[in-house]
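Down below is the structure, laid out as structure tokens.
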Amino acid sequence: MKALAEAGKSPQEGAMQKAAKTAIKILKGTISNLPSATKLVEQCSNLLPLISNFLGL
């Protein structure tokens with residue numbers, strides 16, 4: 001989450017984009033092991049693509 005927050009401050013910086021991309025992959029992997037009915041999974045499934053788009057990933 002910290003990497004995503006830092007990337008949001010300067011979304012055009014290459015190193016920040018790489019860190020954000022890695023953070024999103026880790027979050028997706030983490031939530032994929034949870035039951036699909038879990039509220040967190042539903043929210044992350046909606047939010048992570050929006051965050052990726054915002055950061056231009």
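The way I read the labels, and the way they are meant: chains A, B, ... in the order of the structure tokens, residue 1 as the first residue of every chain, and ligand 1 as the first ligand shown, with later ones counted on from there.
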
Q | Exercise: A:Ile24 partners within 10 Å, only C-alpha atoms, chain neighbours under 5 positions left out, as JSON, numbers by chain | A | {"A": [1, 3, 4, 18, 19, 29, 30, 44, 48, 49, 51, 52, 57]}

Any chance you could list, as a PDB file with N, CA, C and O atoms, in the first residue's frame, the residues in chain A that come up helix (DSSP H, G or I) when DSSP is run on the backbone?
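Okay, this is what ended up in states25.pdb:
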ATOM      1  N   LYS A   2       1.986   1.203   0.709  1.00  0.00           N
ATOM      2  CA  LYS A   2       2.868   2.372   0.741  1.00  0.00           C
ATOM      3  C   LYS A   2       3.396   2.689  -0.650  1.00  0.00           C
ATOM      4  O   LYS A   2       3.447   3.846  -1.053  1.00  0.00           O
ATOM      5  N   ALA A   3       3.756   1.638  -1.408  1.00  0.00           N
ATOM      6  CA  ALA A   3       4.252   1.852  -2.773  1.00  0.00           C
ATOM      7  C   ALA A   3       3.189   2.502  -3.641  1.00  0.00           C
ATOM      8  O   ALA A   3       3.490   3.378  -4.454  1.00  0.00           O
ATOM      9  N   LEU A   4       1.943   2.109  -3.460  1.00  0.00           N
ATOM     10  CA  LEU A   4       0.860   2.715  -4.240  1.00  0.00           C
ATOM     11  C   LEU A   4       0.657   4.173  -3.850  1.00  0.00           C
ATOM     12  O   LEU A   4       0.436   5.025  -4.710  1.00  0.00           O
ATOM     13  N   ALA A   5       0.751   4.455  -2.562  1.00  0.00           N
ATOM     14  CA  ALA A   5       0.598   5.840  -2.110  1.00  0.00           C
ATOM     15  C   ALA A   5       1.718   6.715  -2.655  1.00  0.00           C
ATOM     16  O   ALA A   5       1.472   7.837  -3.115  1.00  0.00           O
ATOM     17  N   GLU A   6       2.943   6.220  -2.624  1.00  0.00           N
ATOM     18  CA  GLU A   6       4.069   6.989  -3.146  1.00  0.00           C
ATOM     19  C   GLU A   6       3.942   7.184  -4.655  1.00  0.00           C
ATOM     20  O   GLU A   6       4.249   8.249  -5.175  1.00  0.00           O
ATOM     21  N   ALA A   7       3.500   6.152  -5.353  1.00  0.00           N
ATOM     22  CA  ALA A   7       3.335   6.255  -6.804  1.00  0.00           C
ATOM     23  C   ALA A   7       2.261   7.282  -7.156  1.00  0.00           C
ATOM     24  O   ALA A   7       2.350   7.955  -8.177  1.00  0.00           O
ATOM     25  N   GLY A   8       1.248   7.404  -6.308  1.00  0.00           N
ATOM     26  CA  GLY A   8       0.200   8.386  -6.545  1.00  0.00           C
ATOM     27  C   GLY A   8       0.705   9.817  -6.487  1.00  0.00           C
ATOM     28  O   GLY A   8       0.140  10.711  -7.111  1.00  0.00           O
ATOM     29  N   LYS A   9       1.803  10.025  -5.756  1.00  0.00           N
ATOM     30  CA  LYS A   9       2.374  11.366  -5.656  1.00  0.00           C
ATOM     31  C   LYS A   9       3.089  11.782  -6.935  1.00  0.00           C
ATOM     32  O   LYS A   9       3.136  12.954  -7.273  1.00  0.00           O
ATOM     33  N   GLY A  14       9.130   6.481 -13.530  1.00  0.00           N
ATOM     34  CA  GLY A  14       9.288   5.083 -13.898  1.00  0.00           C
ATOM     35  C   GLY A  14       9.480   4.150 -12.723  1.00  0.00           C
ATOM     36  O   GLY A  14       8.872   3.083 -12.660  1.00  0.00           O
ATOM     37  N   ALA A  15      10.318   4.523 -11.768  1.00  0.00           N
ATOM     38  CA  ALA A  15      10.558   3.667 -10.600  1.00  0.00           C
ATOM     39  C   ALA A  15       9.295   3.509  -9.764  1.00  0.00           C
ATOM     40  O   ALA A  15       9.016   2.433  -9.240  1.00  0.00           O
ATOM     41  N   MET A  16       8.539   4.587  -9.656  1.00  0.00           N
ATOM     42  CA  MET A  16       7.293   4.528  -8.894  1.00  0.00           C
ATOM     43  C   MET A  16       6.275   3.631  -9.593  1.00  0.00           C
ATOM     44  O   MET A  16       5.550   2.894  -8.955  1.00  0.00           O
ATOM     45  N   GLN A  17       6.225   3.715 -10.913  1.00  0.00           N
ATOM     46  CA  GLN A  17       5.301   2.865 -11.657  1.00  0.00           C
ATOM     47  C   GLN A  17       5.647   1.399 -11.473  1.00  0.00           C
ATOM     48  O   GLN A  17       4.765   0.571 -11.299  1.00  0.00           O
ATOM     49  N   LYS A  18       6.935   1.085 -11.486  1.00  0.00           N
ATOM     50  CA  LYS A  18       7.368  -0.298 -11.304  1.00  0.00           C
ATOM     51  C   LYS A  18       6.992  -0.796  -9.907  1.00  0.00           C
ATOM     52  O   LYS A  18       6.485  -1.902  -9.757  1.00  0.00           O
ATOM     53  N   ALA A  19       7.220   0.029  -8.893  1.00  0.00           N
ATOM     54  CA  ALA A  19       6.877  -0.345  -7.521  1.00  0.00           C
ATOM     55  C   ALA A  19       5.372  -0.527  -7.367  1.00  0.00           C
ATOM     56  O   ALA A  19       4.907  -1.465  -6.711  1.00  0.00           O
ATOM     57  N   ALA A  20       4.607   0.358  -7.993  1.00  0.00           N
ATOM     58  CA  ALA A  20       3.150   0.261  -7.909  1.00  0.00           C
ATOM     59  C   ALA A  20       2.653  -0.992  -8.617  1.00  0.00           C
ATOM     60  O   ALA A  20       1.758  -1.680  -8.120  1.00  0.00           O
ATOM     61  N   LYS A  21       3.230  -1.296  -9.762  1.00  0.00           N
ATOM     62  CA  LYS A  21       2.832  -2.484 -10.508  1.00  0.00           C
ATOM     63  C   LYS A  21       3.095  -3.748  -9.684  1.00  0.00           C
ATOM     64  O   LYS A  21       2.255  -4.639  -9.613  1.00  0.00           O
ATOM     65  N   THR A  22       4.250  -3.793  -9.035  1.00  0.00           N
ATOM     66  CA  THR A  22       4.581  -4.936  -8.180  1.00  0.00           C
ATOM     67  C   THR A  22       3.618  -5.026  -7.002  1.00  0.00           C
ATOM     68  O   THR A  22       3.138  -6.118  -6.663  1.00  0.00           O
ATOM     69  N   ALA A  23       3.302  -3.900  -6.392  1.00  0.00           N
ATOM     70  CA  ALA A  23       2.381  -3.882  -5.256  1.00  0.00           C
ATOM     71  C   ALA A  23       1.003  -4.378  -5.660  1.00  0.00           C
ATOM     72  O   ALA A  23       0.371  -5.146  -4.927  1.00  0.00           O
ATOM     73  N   ILE A  24       0.550  -3.980  -6.829  1.00  0.00           N
ATOM     74  CA  ILE A  24      -0.764  -4.422  -7.297  1.00  0.00           C
ATOM     75  C   ILE A  24      -0.756  -5.924  -7.552  1.00  0.00           C
ATOM     76  O   ILE A  24      -1.706  -6.628  -7.201  1.00  0.00           O
ATOM     77  N   LYS A  25       0.319  -6.453  -8.134  1.00  0.00           N
ATOM     78  CA  LYS A  25       0.417  -7.898  -8.363  1.00  0.00           C
ATOM     79  C   LYS A  25       0.368  -8.659  -7.037  1.00  0.00           C
ATOM     80  O   LYS A  25      -0.305  -9.676  -6.925  1.00  0.00           O
ATOM     81  N   ILE A  26       1.076  -8.146  -6.037  1.00  0.00           N
ATOM     82  CA  ILE A  26       1.088  -8.797  -4.725  1.00  0.00           C
ATOM     83  C   ILE A  26      -0.305  -8.774  -4.101  1.00  0.00           C
ATOM     84  O   ILE A  26      -0.774  -9.783  -3.566  1.00  0.00           O
ATOM     85  N   LEU A  27      -0.974  -7.633  -4.181  1.00  0.00           N
ATOM     86  CA  LEU A  27      -2.324  -7.542  -3.622  1.00  0.00           C
ATOM     87  C   LEU A  27      -3.293  -8.472  -4.345  1.00  0.00           C
ATOM     88  O   LEU A  27      -4.116  -9.128  -3.708  1.00  0.00           O
ATOM     89  N   LYS A  28      -3.196  -8.547  -5.663  1.00  0.00           N
ATOM     90  CA  LYS A  28      -4.071  -9.447  -6.422  1.00  0.00           C
ATOM     91  C   LYS A  28      -3.821 -10.894  -6.023  1.00  0.00           C
ATOM     92  O   LYS A  28      -4.759 -11.671  -5.863  1.00  0.00           O
ATOM     93  N   GLY A  29      -2.554 -11.264  -5.876  1.00  0.00           N
ATOM     94  CA  GLY A  29      -2.224 -12.624  -5.456  1.00  0.00           C
ATOM     95  C   GLY A  29      -2.729 -12.932  -4.063  1.00  0.00           C
ATOM     96  O   GLY A  29      -3.207 -14.031  -3.797  1.00  0.00           O
ATOM     97  N   THR A  30      -2.640 -11.962  -3.186  1.00  0.00           N
ATOM     98  CA  THR A  30      -3.096 -12.148  -1.807  1.00  0.00           C
ATOM     99  C   THR A  30      -4.596 -12.362  -1.746  1.00  0.00           C
ATOM    100  O   THR A  30      -5.076 -13.269  -1.066  1.00  0.00           O
ATOM    101  N   ILE A  31      -5.335 -11.550  -2.463  1.00  0.00           N
ATOM    102  CA  ILE A  31      -6.796 -11.667  -2.380  1.00  0.00           C
ATOM    103  C   ILE A  31      -7.335 -12.843  -3.173  1.00  0.00           C
ATOM    104  O   ILE A  31      -8.432 -13.312  -2.907  1.00  0.00           O
ATOM    105  N   SER A  32      -6.569 -13.353  -4.123  1.00  0.00           N
ATOM    106  CA  SER A  32      -7.073 -14.467  -4.933  1.00  0.00           C
ATOM    107  C   SER A  32      -7.242 -15.741  -4.113  1.00  0.00           C
ATOM    108  O   SER A  32      -8.018 -16.614  -4.480  1.00  0.00           O
ATOM    109  N   LYS A  39     -15.962  -9.769   1.477  1.00  0.00           N
ATOM    110  CA  LYS A  39     -16.159  -8.371   1.093  1.00  0.00           C
ATOM    111  C   LYS A  39     -14.858  -7.728   0.606  1.00  0.00           C
ATOM    112  O   LYS A  39     -14.857  -6.964  -0.358  1.00  0.00           O
ATOM    113  N   LEU A  40     -13.731  -8.082   1.232  1.00  0.00           N
ATOM    114  CA  LEU A  40     -12.447  -7.529   0.831  1.00  0.00           C
ATOM    115  C   LEU A  40     -12.129  -7.890  -0.610  1.00  0.00           C
ATOM    116  O   LEU A  40     -11.661  -7.052  -1.387  1.00  0.00           O
ATOM    117  N   VAL A  41     -12.383  -9.121  -0.983  1.00  0.00           N
ATOM    118  CA  VAL A  41     -12.101  -9.571  -2.345  1.00  0.00           C
ATOM    119  C   VAL A  41     -12.933  -8.770  -3.339  1.00  0.00           C
ATOM    120  O   VAL A  41     -12.428  -8.317  -4.367  1.00  0.00           O
ATOM    121  N   GLU A  42     -14.179  -8.582  -3.024  1.00  0.00           N
ATOM    122  CA  GLU A  42     -15.059  -7.825  -3.909  1.00  0.00           C
ATOM    123  C   GLU A  42     -14.573  -6.388  -4.077  1.00  0.00           C
ATOM    124  O   GLU A  42     -14.511  -5.871  -5.191  1.00  0.00           O
ATOM    125  N   GLN A  43     -14.220  -5.753  -2.968  1.00  0.00           N
ATOM    126  CA  GLN A  43     -13.775  -4.365  -3.028  1.00  0.00           C
ATOM    127  C   GLN A  43     -12.445  -4.230  -3.762  1.00  0.00           C
ATOM    128  O   GLN A  43     -12.273  -3.334  -4.586  1.00  0.00           O
ATOM    129  N   CYS A  44     -11.503  -5.144  -3.478  1.00  0.00           N
ATOM    130  CA  CYS A  44     -10.203  -5.080  -4.148  1.00  0.00           C
ATOM    131  C   CYS A  44     -10.339  -5.358  -5.637  1.00  0.00           C
ATOM    132  O   CYS A  44      -9.642  -4.763  -6.450  1.00  0.00           O
ATOM    133  N   SER A  45     -11.230  -6.255  -5.981  1.00  0.00           N
ATOM    134  CA  SER A  45     -11.444  -6.561  -7.395  1.00  0.00           C
ATOM    135  C   SER A  45     -11.936  -5.338  -8.152  1.00  0.00           C
ATOM    136  O   SER A  45     -11.660  -5.172  -9.338  1.00  0.00           O
ATOM    137  N   ASN A  46     -12.659  -4.474  -7.465  1.00  0.00           N
ATOM    138  CA  ASN A  46     -13.145  -3.239  -8.075  1.00  0.00           C
ATOM    139  C   ASN A  46     -12.099  -2.127  -8.024  1.00  0.00           C
ATOM    140  O   ASN A  46     -11.950  -1.355  -8.977  1.00  0.00           O
ATOM    141  N   LEU A  47     -11.389  -2.029  -6.909  1.00  0.00           N
ATOM    142  CA  LEU A  47     -10.475  -0.908  -6.711  1.00  0.00           C
ATOM    143  C   LEU A  47      -9.130  -1.058  -7.411  1.00  0.00           C
ATOM    144  O   LEU A  47      -8.595  -0.069  -7.917  1.00  0.00           O
ATOM    145  N   LEU A  48      -8.561  -2.254  -7.439  1.00  0.00           N
ATOM    146  CA  LEU A  48      -7.226  -2.406  -8.023  1.00  0.00           C
ATOM    147  C   LEU A  48      -7.167  -2.006  -9.495  1.00  0.00           C
ATOM    148  O   LEU A  48      -6.223  -1.323  -9.896  1.00  0.00           O
ATOM    149  N   PRO A  49      -8.146  -2.356 -10.330  1.00  0.00           N
ATOM    150  CA  PRO A  49      -8.094  -1.864 -11.716  1.00  0.00           C
ATOM    151  C   PRO A  49      -8.188  -0.340 -11.804  1.00  0.00           C
ATOM    152  O   PRO A  49      -7.534   0.272 -12.646  1.00  0.00           O
ATOM    153  N   LEU A  50      -8.967   0.274 -10.931  1.00  0.00           N
ATOM    154  CA  LEU A  50      -9.080   1.731 -10.929  1.00  0.00           C
ATOM    155  C   LEU A  50      -7.752   2.368 -10.534  1.00  0.00           C
ATOM    156  O   LEU A  50      -7.327   3.362 -11.147  1.00  0.00           O
ATOM    157  N   ILE A  51      -7.086   1.806  -9.539  1.00  0.00           N
ATOM    158  CA  ILE A  51      -5.787   2.321  -9.105  1.00  0.00           C
ATOM    159  C   ILE A  51      -4.771   2.165 -10.234  1.00  0.00           C
ATOM    160  O   ILE A  51      -3.999   3.069 -10.520  1.00  0.00           O
ATOM    161  N   SER A  52      -4.783   1.007 -10.890  1.00  0.00           N
ATOM    162  CA  SER A  52      -3.859   0.766 -12.012  1.00  0.00           C
ATOM    163  C   SER A  52      -4.071   1.786 -13.119  1.00  0.00           C
ATOM    164  O   SER A  52      -3.114   2.344 -13.651  1.00  0.00           O
ATOM    165  N   ASN A  53      -5.325   2.037 -13.463  1.00  0.00           N
ATOM    166  CA  ASN A  53      -5.624   3.017 -14.507  1.00  0.00           C
ATOM    167  C   ASN A  53      -5.165   4.418 -14.106  1.00  0.00           C
ATOM    168  O   ASN A  53      -4.616   5.157 -14.915  1.00  0.00           O
ATOM    169  N   PHE A  54      -5.392   4.778 -12.861  1.00  0.00           N
ATOM    170  CA  PHE A  54      -4.995   6.096 -12.371  1.00  0.00           C
ATOM    171  C   PHE A  54      -3.484   6.289 -12.493  1.00  0.00           C
ATOM    172  O   PHE A  54      -3.008   7.361 -12.845  1.00  0.00           O
ATOM    173  N   LEU A  55      -2.733   5.223 -12.211  1.00  0.00           N
ATOM    174  CA  LEU A  55      -1.276   5.304 -12.254  1.00  0.00           C
ATOM    175  C   LEU A  55      -0.719   5.054 -13.658  1.00  0.00           C
ATOM    176  O   LEU A  55       0.481   5.090 -13.872  1.00  0.00           O
TER     177      LEU A  55
END
